[in-house]
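**Student:** This is the structure I have questions about; it appears just below.
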Amino acid sequence: MLLLTGIASCFIYRHRQVLPAGHWARPRPRILVAILVFQWVLCSAGLGVGGWMMPYTQDLTGSGMQLILRRHPSYRFLLDVPGLWILDDTDKGLQLAASIFLVTLIYVSLTFTPASFFMIFHSFYVLNSRLGNMSDATRQLQKKLIVNMLLQICVPLLTLSVPWCVATYIISYGIELPLAAPRAILIFTALHAVISSVEMVILIKPYRQFLAVLFGAQSCGRQKVRNEIISIYITRKPRKCTRRGLNKLSLLSQQTGPKTRRNK
């Protein structure tokens, strides 16, 4: 829920940045905070109550363990694991807890997903419709920031949500996989921070420039300064200038530009 709340906050913030003042889709910040807090409390309560009501037991002779061993004989080593907890499928509270979980997940899907898609497409609609007093350069920058945000959000979804959804699907439908599969899921989940950091460096230009300077490419992202020394010779007389002096003055004005003052 913290992950979903953080993603929703990113969508809301970027959506507010592109909307003009007084737009109907730009409510006050207090209203947005209240909505996010309400959603987080409600969904967390649903998942928490569902998890608390799950009937776990340490009796490995029950039907739950026997079902696992019947479907997956290679998991017989679990009988020798001390302190192992397992779901008791004979308890009547299991169906109620599963129903609470299912209702909460459906509610999350029906609220967060449509709202996120609406804010994304509406942001691009506002930018392409040229609403407000935003310059063209700022519009292009906002589009780039939205695309970068979408790419950065894909990392936690692919490294955290997808692996655990796959694991839940495998457990629910009794699919037998090698013992290396759960370890691979855990390793892939642990790589979330590394993949997110690498993606941030690739997408954000100031980070790339800093790393380039840090590893020795001092000129990366900087313009080379070219220093030139120009020698100036001016000939003049008290009363009038000769033709040679006038030619040097005209040549001087062409080389140095309008900032050079001509001495009379």
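Ligands are numbered from 1 in the order shown, residues from 1 within each chain, and chains are lettered A, B, ... in the order they appear in the structure tokens.
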Mind listing the strand (DSSP E or B) residues of region 56-109 of chain A, per DSSP on the backbone, as a PDB file with N, CA, C and O atoms, in the first residue's frame?

**Tutor:**
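Result file is selection_13.pdb:
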ATOM      1  N   TYR A  56      -3.446 -19.796  10.797  1.00  0.00           N
ATOM      2  CA  TYR A  56      -2.169 -20.495  10.726  1.00  0.00           C
ATOM      3  C   TYR A  56      -2.060 -21.480  11.896  1.00  0.00           C
ATOM      4  O   TYR A  56      -2.592 -21.252  12.983  1.00  0.00           O
ATOM      5  N   THR A  57      -1.348 -22.540  11.664  1.00  0.00           N
ATOM      6  CA  THR A  57      -1.139 -23.558  12.688  1.00  0.00           C
ATOM      7  C   THR A  57       0.248 -24.172  12.525  1.00  0.00           C
ATOM      8  O   THR A  57       0.827 -24.132  11.434  1.00  0.00           O
ATOM      9  N   ILE A  86       1.750 -23.043   8.951  1.00  0.00           N
ATOM     10  CA  ILE A  86       1.062 -23.403   7.718  1.00  0.00           C
ATOM     11  C   ILE A  86      -0.419 -23.082   7.873  1.00  0.00           C
ATOM     12  O   ILE A  86      -0.964 -23.099   8.983  1.00  0.00           O
ATOM     13  N   LEU A  87      -1.054 -22.774   6.756  1.00  0.00           N
ATOM     14  CA  LEU A  87      -2.487 -22.476   6.787  1.00  0.00           C
ATOM     15  C   LEU A  87      -3.301 -23.733   7.072  1.00  0.00           C
ATOM     16  O   LEU A  87      -3.037 -24.804   6.515  1.00  0.00           O
TER      17      LEU A  87
END

**Student:** Among the residues of region 69-191 of chain A, find those DSSP assigns to alpha helix (DSSP H) from the backbone and print them as an mmCIF file with N, CA and C atoms, in the first residue's frame.

**Tutor:**
data_model
loop_
_atom_site.group_PDB
_atom_site.id
_atom_site.type_symbol
_atom_site.label_atom_id
_atom_site.label_comp_id
_atom_site.auth_asym_id
_atom_site.auth_seq_id
_atom_site.Cartn_x
_atom_site.Cartn_y
_atom_site.Cartn_z
ATOM 1 N N LEU A 69 2.256 -32.040 0.479
ATOM 2 C CA LEU A 69 3.120 -33.197 0.201
ATOM 3 C C LEU A 69 2.530 -34.078 -0.891
ATOM 4 N N ARG A 70 1.207 -34.095 -0.997
ATOM 5 C CA ARG A 70 0.585 -34.903 -2.048
ATOM 6 C C ARG A 70 0.813 -34.275 -3.428
ATOM 7 N N ARG A 71 0.776 -32.958 -3.471
ATOM 8 C CA ARG A 71 1.003 -32.278 -4.748
ATOM 9 C C ARG A 71 2.488 -32.137 -5.069
ATOM 10 N N GLY A 93 -12.577 -19.758 9.126
ATOM 11 C CA GLY A 93 -12.161 -18.370 8.936
ATOM 12 C C GLY A 93 -11.309 -18.148 7.713
ATOM 13 N N LEU A 94 -10.819 -19.212 7.102
ATOM 14 C CA LEU A 94 -9.966 -19.066 5.919
ATOM 15 C C LEU A 94 -10.738 -18.468 4.758
ATOM 16 N N GLN A 95 -11.960 -18.897 4.546
ATOM 17 C CA GLN A 95 -12.758 -18.371 3.449
ATOM 18 C C GLN A 95 -13.108 -16.900 3.662
ATOM 19 N N LEU A 96 -13.411 -16.527 4.905
ATOM 20 C CA LEU A 96 -13.712 -15.126 5.200
ATOM 21 C C LEU A 96 -12.488 -14.239 4.997
ATOM 22 N N ALA A 97 -11.332 -14.691 5.457
ATOM 23 C CA ALA A 97 -10.111 -13.908 5.280
ATOM 24 C C ALA A 97 -9.772 -13.754 3.802
ATOM 25 N N ALA A 98 -9.923 -14.832 3.025
ATOM 26 C CA ALA A 98 -9.664 -14.754 1.588
ATOM 27 C C ALA A 98 -10.636 -13.800 0.902
ATOM 28 N N SER A 99 -11.876 -13.767 1.350
ATOM 29 C CA SER A 99 -12.860 -12.851 0.766
ATOM 30 C C SER A 99 -12.501 -11.397 1.052
ATOM 31 N N ILE A 100 -12.024 -11.117 2.271
ATOM 32 C CA ILE A 100 -11.606 -9.755 2.606
ATOM 33 C C ILE A 100 -10.431 -9.326 1.737
ATOM 34 N N PHE A 101 -9.469 -10.222 1.558
ATOM 35 C CA PHE A 101 -8.334 -9.933 0.694
ATOM 36 C C PHE A 101 -8.804 -9.628 -0.729
ATOM 37 N N LEU A 102 -9.690 -10.456 -1.247
ATOM 38 C CA LEU A 102 -10.158 -10.297 -2.625
ATOM 39 C C LEU A 102 -10.912 -8.984 -2.811
ATOM 40 N N VAL A 103 -11.788 -8.646 -1.872
ATOM 41 C CA VAL A 103 -12.541 -7.391 -1.967
ATOM 42 C C VAL A 103 -11.605 -6.190 -1.905
ATOM 43 N N THR A 104 -10.595 -6.251 -1.049
ATOM 44 C CA THR A 104 -9.646 -5.139 -0.942
ATOM 45 C C THR A 104 -8.854 -4.952 -2.223
ATOM 46 N N LEU A 105 -8.393 -6.049 -2.819
ATOM 47 C CA LEU A 105 -7.639 -5.960 -4.067
ATOM 48 C C LEU A 105 -8.506 -5.428 -5.206
ATOM 49 N N ILE A 106 -9.761 -5.836 -5.250
ATOM 50 C CA ILE A 106 -10.664 -5.314 -6.287
ATOM 51 C C ILE A 106 -10.893 -3.825 -6.098
ATOM 52 N N TYR A 107 -11.060 -3.395 -4.850
ATOM 53 C CA TYR A 107 -11.257 -1.967 -4.570
ATOM 54 C C TYR A 107 -10.030 -1.156 -4.985
ATOM 55 N N VAL A 108 -8.840 -1.674 -4.694
ATOM 56 C CA VAL A 108 -7.608 -0.978 -5.090
ATOM 57 C C VAL A 108 -7.517 -0.878 -6.608
ATOM 58 N N SER A 109 -7.856 -1.962 -7.301
ATOM 59 C CA SER A 109 -7.782 -1.959 -8.761
ATOM 60 C C SER A 109 -8.774 -0.981 -9.375
ATOM 61 N N LEU A 110 -9.950 -0.859 -8.776
ATOM 62 C CA LEU A 110 -10.985 0.003 -9.340
ATOM 63 C C LEU A 110 -10.808 1.472 -8.987
ATOM 64 N N THR A 111 -9.938 1.792 -8.056
ATOM 65 C CA THR A 111 -9.723 3.192 -7.670
ATOM 66 C C THR A 111 -8.386 3.734 -8.174
ATOM 67 N N PHE A 112 -7.291 3.039 -7.903
ATOM 68 C CA PHE A 112 -5.979 3.553 -8.268
ATOM 69 C C PHE A 112 -5.730 3.490 -9.774
ATOM 70 N N THR A 113 -6.102 2.383 -10.392
ATOM 71 C CA THR A 113 -5.775 2.208 -11.817
ATOM 72 C C THR A 113 -6.486 3.220 -12.713
ATOM 73 N N PRO A 114 -7.825 3.383 -12.661
ATOM 74 C CA PRO A 114 -8.454 4.396 -13.516
ATOM 75 C C PRO A 114 -7.980 5.809 -13.225
ATOM 76 N N ALA A 115 -7.774 6.136 -11.938
ATOM 77 C CA ALA A 115 -7.312 7.485 -11.600
ATOM 78 C C ALA A 115 -5.924 7.756 -12.170
ATOM 79 N N SER A 116 -5.046 6.764 -12.130
ATOM 80 C CA SER A 116 -3.693 6.949 -12.664
ATOM 81 C C SER A 116 -3.722 7.154 -14.173
ATOM 82 N N PHE A 117 -4.491 6.336 -14.887
ATOM 83 C CA PHE A 117 -4.585 6.487 -16.340
ATOM 84 C C PHE A 117 -5.217 7.825 -16.712
ATOM 85 N N PHE A 118 -6.210 8.260 -15.949
ATOM 86 C CA PHE A 118 -6.835 9.547 -16.241
ATOM 87 C C PHE A 118 -5.830 10.695 -16.100
ATOM 88 N N MET A 119 -5.053 10.692 -15.024
ATOM 89 C CA MET A 119 -4.094 11.782 -14.816
ATOM 90 C C MET A 119 -3.003 11.790 -15.877
ATOM 91 N N ILE A 120 -2.589 10.624 -16.344
ATOM 92 C CA ILE A 120 -1.556 10.570 -17.386
ATOM 93 C C ILE A 120 -2.081 11.146 -18.694
ATOM 94 N N PHE A 121 -3.210 10.607 -19.176
ATOM 95 C CA PHE A 121 -3.743 11.052 -20.460
ATOM 96 C C PHE A 121 -4.240 12.494 -20.394
ATOM 97 N N HIS A 122 -4.795 12.901 -19.267
ATOM 98 C CA HIS A 122 -5.256 14.283 -19.151
ATOM 99 C C HIS A 122 -4.089 15.256 -19.119
ATOM 100 N N SER A 123 -2.967 14.863 -18.553
ATOM 101 C CA SER A 123 -1.785 15.724 -18.555
ATOM 102 C C SER A 123 -1.295 15.977 -19.981
ATOM 103 N N PHE A 124 -1.223 14.923 -20.792
ATOM 104 C CA PHE A 124 -0.807 15.097 -22.185
ATOM 105 C C PHE A 124 -1.846 15.896 -22.979
ATOM 106 N N TYR A 125 -3.134 15.716 -22.648
ATOM 107 C CA TYR A 125 -4.177 16.488 -23.326
ATOM 108 C C TYR A 125 -4.029 17.979 -23.029
ATOM 109 N N VAL A 126 -3.776 18.317 -21.771
ATOM 110 C CA VAL A 126 -3.609 19.725 -21.390
ATOM 111 C C VAL A 126 -2.378 20.324 -22.065
ATOM 112 N N LEU A 127 -1.286 19.566 -22.110
ATOM 113 C CA LEU A 127 -0.064 20.078 -22.733
ATOM 114 C C LEU A 127 -0.234 20.259 -24.240
ATOM 115 N N ASN A 128 -0.901 19.326 -24.898
ATOM 116 C CA ASN A 128 -1.097 19.445 -26.344
ATOM 117 C C ASN A 128 -2.146 20.493 -26.703
ATOM 118 N N SER A 129 -3.083 20.768 -25.796
ATOM 119 C CA SER A 129 -4.117 21.777 -26.054
ATOM 120 C C SER A 129 -3.641 23.190 -25.763
ATOM 121 N N ASP A 136 6.446 27.004 -24.817
ATOM 122 C CA ASP A 136 6.659 25.748 -25.548
ATOM 123 C C ASP A 136 7.797 24.936 -24.936
ATOM 124 N N ALA A 137 8.848 25.617 -24.494
ATOM 125 C CA ALA A 137 9.969 24.897 -23.878
ATOM 126 C C ALA A 137 9.533 24.218 -22.575
ATOM 127 N N THR A 138 8.695 24.914 -21.801
ATOM 128 C CA THR A 138 8.204 24.312 -20.552
ATOM 129 C C THR A 138 7.276 23.138 -20.828
ATOM 130 N N ARG A 139 6.472 23.243 -21.883
ATOM 131 C CA ARG A 139 5.590 22.125 -22.234
ATOM 132 C C ARG A 139 6.399 20.882 -22.599
ATOM 133 N N GLN A 140 7.432 21.075 -23.399
ATOM 134 C CA GLN A 140 8.276 19.939 -23.769
ATOM 135 C C GLN A 140 8.977 19.354 -22.539
ATOM 136 N N LEU A 141 9.383 20.230 -21.616
ATOM 137 C CA LEU A 141 10.021 19.747 -20.393
ATOM 138 C C LEU A 141 9.048 18.938 -19.546
ATOM 139 N N GLN A 142 7.797 19.398 -19.446
ATOM 140 C CA GLN A 142 6.793 18.665 -18.669
ATOM 141 C C GLN A 142 6.501 17.300 -19.289
ATOM 142 N N LYS A 143 6.436 17.233 -20.616
ATOM 143 C CA LYS A 143 6.222 15.942 -21.276
ATOM 144 C C LYS A 143 7.381 14.983 -20.990
ATOM 145 N N LYS A 144 8.583 15.525 -21.033
ATOM 146 C CA LYS A 144 9.752 14.686 -20.759
ATOM 147 C C LYS A 144 9.748 14.186 -19.320
ATOM 148 N N LEU A 145 9.354 15.048 -18.389
ATOM 149 C CA LEU A 145 9.290 14.638 -16.981
ATOM 150 C C LEU A 145 8.222 13.562 -16.746
ATOM 151 N N ILE A 146 7.098 13.666 -17.447
ATOM 152 C CA ILE A 146 6.047 12.653 -17.305
ATOM 153 C C ILE A 146 6.523 11.304 -17.822
ATOM 154 N N VAL A 147 7.196 11.317 -18.979
ATOM 155 C CA VAL A 147 7.714 10.058 -19.536
ATOM 156 C C VAL A 147 8.755 9.446 -18.605
ATOM 157 N N ASN A 148 9.648 10.284 -18.071
ATOM 158 C CA ASN A 148 10.654 9.777 -17.129
ATOM 159 C C ASN A 148 10.000 9.197 -15.870
ATOM 160 N N MET A 149 8.937 9.846 -15.402
ATOM 161 C CA MET A 149 8.246 9.351 -14.219
ATOM 162 C C MET A 149 7.617 7.982 -14.497
ATOM 163 N N LEU A 150 7.032 7.823 -15.672
ATOM 164 C CA LEU A 150 6.426 6.539 -16.017
ATOM 165 C C LEU A 150 7.481 5.434 -16.092
ATOM 166 N N LEU A 151 8.635 5.759 -16.657
ATOM 167 C CA LEU A 151 9.701 4.761 -16.731
ATOM 168 C C LEU A 151 10.238 4.405 -15.348
ATOM 169 N N GLN A 152 10.337 5.391 -14.467
ATOM 170 C CA GLN A 152 10.817 5.116 -13.117
ATOM 171 C C GLN A 152 9.800 4.317 -12.310
ATOM 172 N N ILE A 153 8.520 4.527 -12.561
ATOM 173 C CA ILE A 153 7.495 3.767 -11.834
ATOM 174 C C ILE A 153 7.473 2.308 -12.290
ATOM 175 N N CYS A 154 7.878 2.055 -13.540
ATOM 176 C CA CYS A 154 7.894 0.670 -14.023
ATOM 177 C C CYS A 154 8.867 -0.197 -13.240
ATOM 178 N N VAL A 155 9.916 0.392 -12.663
ATOM 179 C CA VAL A 155 10.912 -0.405 -11.941
ATOM 180 C C VAL A 155 10.311 -1.082 -10.711
ATOM 181 N N PRO A 156 9.675 -0.346 -9.773
ATOM 182 C CA PRO A 156 9.087 -1.059 -8.617
ATOM 183 C C PRO A 156 7.951 -1.989 -8.999
ATOM 184 N N VAL A 162 5.288 -7.567 -9.676
ATOM 185 C CA VAL A 162 5.153 -8.715 -10.582
ATOM 186 C C VAL A 162 5.719 -10.006 -9.977
ATOM 187 N N PRO A 163 6.936 -10.006 -9.388
ATOM 188 C CA PRO A 163 7.436 -11.271 -8.815
ATOM 189 C C PRO A 163 6.534 -11.852 -7.726
ATOM 190 N N TRP A 164 6.024 -10.978 -6.849
ATOM 191 C CA TRP A 164 5.184 -11.500 -5.779
ATOM 192 C C TRP A 164 3.812 -11.933 -6.285
ATOM 193 N N CYS A 165 3.311 -11.283 -7.333
ATOM 194 C CA CYS A 165 2.063 -11.753 -7.941
ATOM 195 C C CYS A 165 2.261 -13.125 -8.600
ATOM 196 N N VAL A 166 3.410 -13.300 -9.237
ATOM 197 C CA VAL A 166 3.716 -14.606 -9.833
ATOM 198 C C VAL A 166 3.830 -15.671 -8.744
ATOM 199 N N ALA A 167 4.493 -15.315 -7.635
ATOM 200 C CA ALA A 167 4.623 -16.272 -6.534
ATOM 201 C C ALA A 167 3.259 -16.635 -5.950
ATOM 202 N N THR A 168 2.385 -15.638 -5.810
ATOM 203 C CA THR A 168 1.040 -15.918 -5.295
ATOM 204 C C THR A 168 0.255 -16.806 -6.254
ATOM 205 N N TYR A 169 0.404 -16.564 -7.546
ATOM 206 C CA TYR A 169 -0.291 -17.395 -8.541
ATOM 207 C C TYR A 169 0.210 -18.837 -8.489
ATOM 208 N N ILE A 170 1.517 -19.005 -8.346
ATOM 209 C CA ILE A 170 2.097 -20.350 -8.280
ATOM 210 C C ILE A 170 1.581 -21.106 -7.064
ATOM 211 N N ILE A 171 1.537 -20.408 -5.923
ATOM 212 C CA ILE A 171 1.073 -21.061 -4.696
ATOM 213 C C ILE A 171 -0.417 -21.376 -4.770
ATOM 214 N N SER A 172 -1.197 -20.464 -5.335
ATOM 215 C CA SER A 172 -2.649 -20.642 -5.360
ATOM 216 C C SER A 172 -3.060 -21.806 -6.245
ATOM 217 N N ALA A 180 14.842 -23.518 -6.861
ATOM 218 C CA ALA A 180 15.587 -22.304 -7.210
ATOM 219 C C ALA A 180 14.667 -21.159 -7.620
ATOM 220 N N ALA A 181 13.398 -21.446 -7.968
ATOM 221 C CA ALA A 181 12.478 -20.395 -8.412
ATOM 222 C C ALA A 181 12.176 -19.388 -7.307
ATOM 223 N N PRO A 182 11.828 -19.816 -6.067
ATOM 224 C CA PRO A 182 11.618 -18.803 -5.013
ATOM 225 C C PRO A 182 12.864 -17.969 -4.727
ATOM 226 N N ARG A 183 14.031 -18.595 -4.795
ATOM 227 C CA ARG A 183 15.258 -17.827 -4.564
ATOM 228 C C ARG A 183 15.479 -16.803 -5.667
ATOM 229 N N ALA A 184 15.170 -17.187 -6.901
ATOM 230 C CA ALA A 184 15.306 -16.239 -8.011
ATOM 231 C C ALA A 184 14.362 -15.051 -7.837
ATOM 232 N N ILE A 185 13.154 -15.311 -7.338
ATOM 233 C CA ILE A 185 12.206 -14.217 -7.097
ATOM 234 C C ILE A 185 12.730 -13.278 -6.018
ATOM 235 N N LEU A 186 13.295 -13.822 -4.961
ATOM 236 C CA LEU A 186 13.845 -12.993 -3.889
ATOM 237 C C LEU A 186 15.038 -12.175 -4.382
ATOM 238 N N ILE A 187 15.906 -12.780 -5.191
ATOM 239 C CA ILE A 187 17.073 -12.049 -5.717
ATOM 240 C C ILE A 187 16.622 -10.928 -6.643
ATOM 241 N N PHE A 188 15.652 -11.213 -7.510
ATOM 242 C CA PHE A 188 15.160 -10.196 -8.430
ATOM 243 C C PHE A 188 14.506 -9.049 -7.668
ATOM 244 N N THR A 189 13.817 -9.371 -6.587
ATOM 245 C CA THR A 189 13.207 -8.327 -5.760
ATOM 246 C C THR A 189 14.276 -7.486 -5.064
ATOM 247 N N ALA A 190 15.356 -8.129 -4.618
ATOM 248 C CA ALA A 190 16.419 -7.389 -3.934
ATOM 249 C C ALA A 190 17.172 -6.459 -4.867
#

**Student:** Using only C-alpha atoms for the distances, tell me which of A:Leu19, A:Leu214, A:Met65, A:Ile35 is nearest to Leu78 (chain A).

**Tutor:**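 Among the listed residues, A:Met65 lies closest to Leu78 (chain A).
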
**Student:** Any idea what the distance is between CA of Met134 (chain A) and CA of Val18 (chain A)?

**Tutor:**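 Calculated distance between CA of Met134 (chain A) and CA of Val18 (chain A) is 8.5 Å.
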
**Student:** Nearest residue to Ile195 (chain A) out of A:Leu211, A:Val49, A:Leu157, A:Leu67, using only C-alpha atoms?

**Tutor:**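 Among A:Leu211, A:Val49, A:Leu157, A:Leu67, it is A:Leu157 that comes nearest to Ile195 (chain A).
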
**Student:** Can you work out the spacing between CA of Leu160 (chain A) and CA of Val198 (chain A) in Å, to one decimal?

**Tutor:** 16.5 Å

**Student:** Using only C-alpha atoms, which protein or nucleic acid residues come within 12 Å of Ser9 (chain A)? Drop anything in the same chain fewer than 2 positions from it, and give the result as a PyMOL selection string.

**Tutor:** chain A and resi 2-7+11-16+29+32-33+35-37+39-40+112+115-116+119+149+153
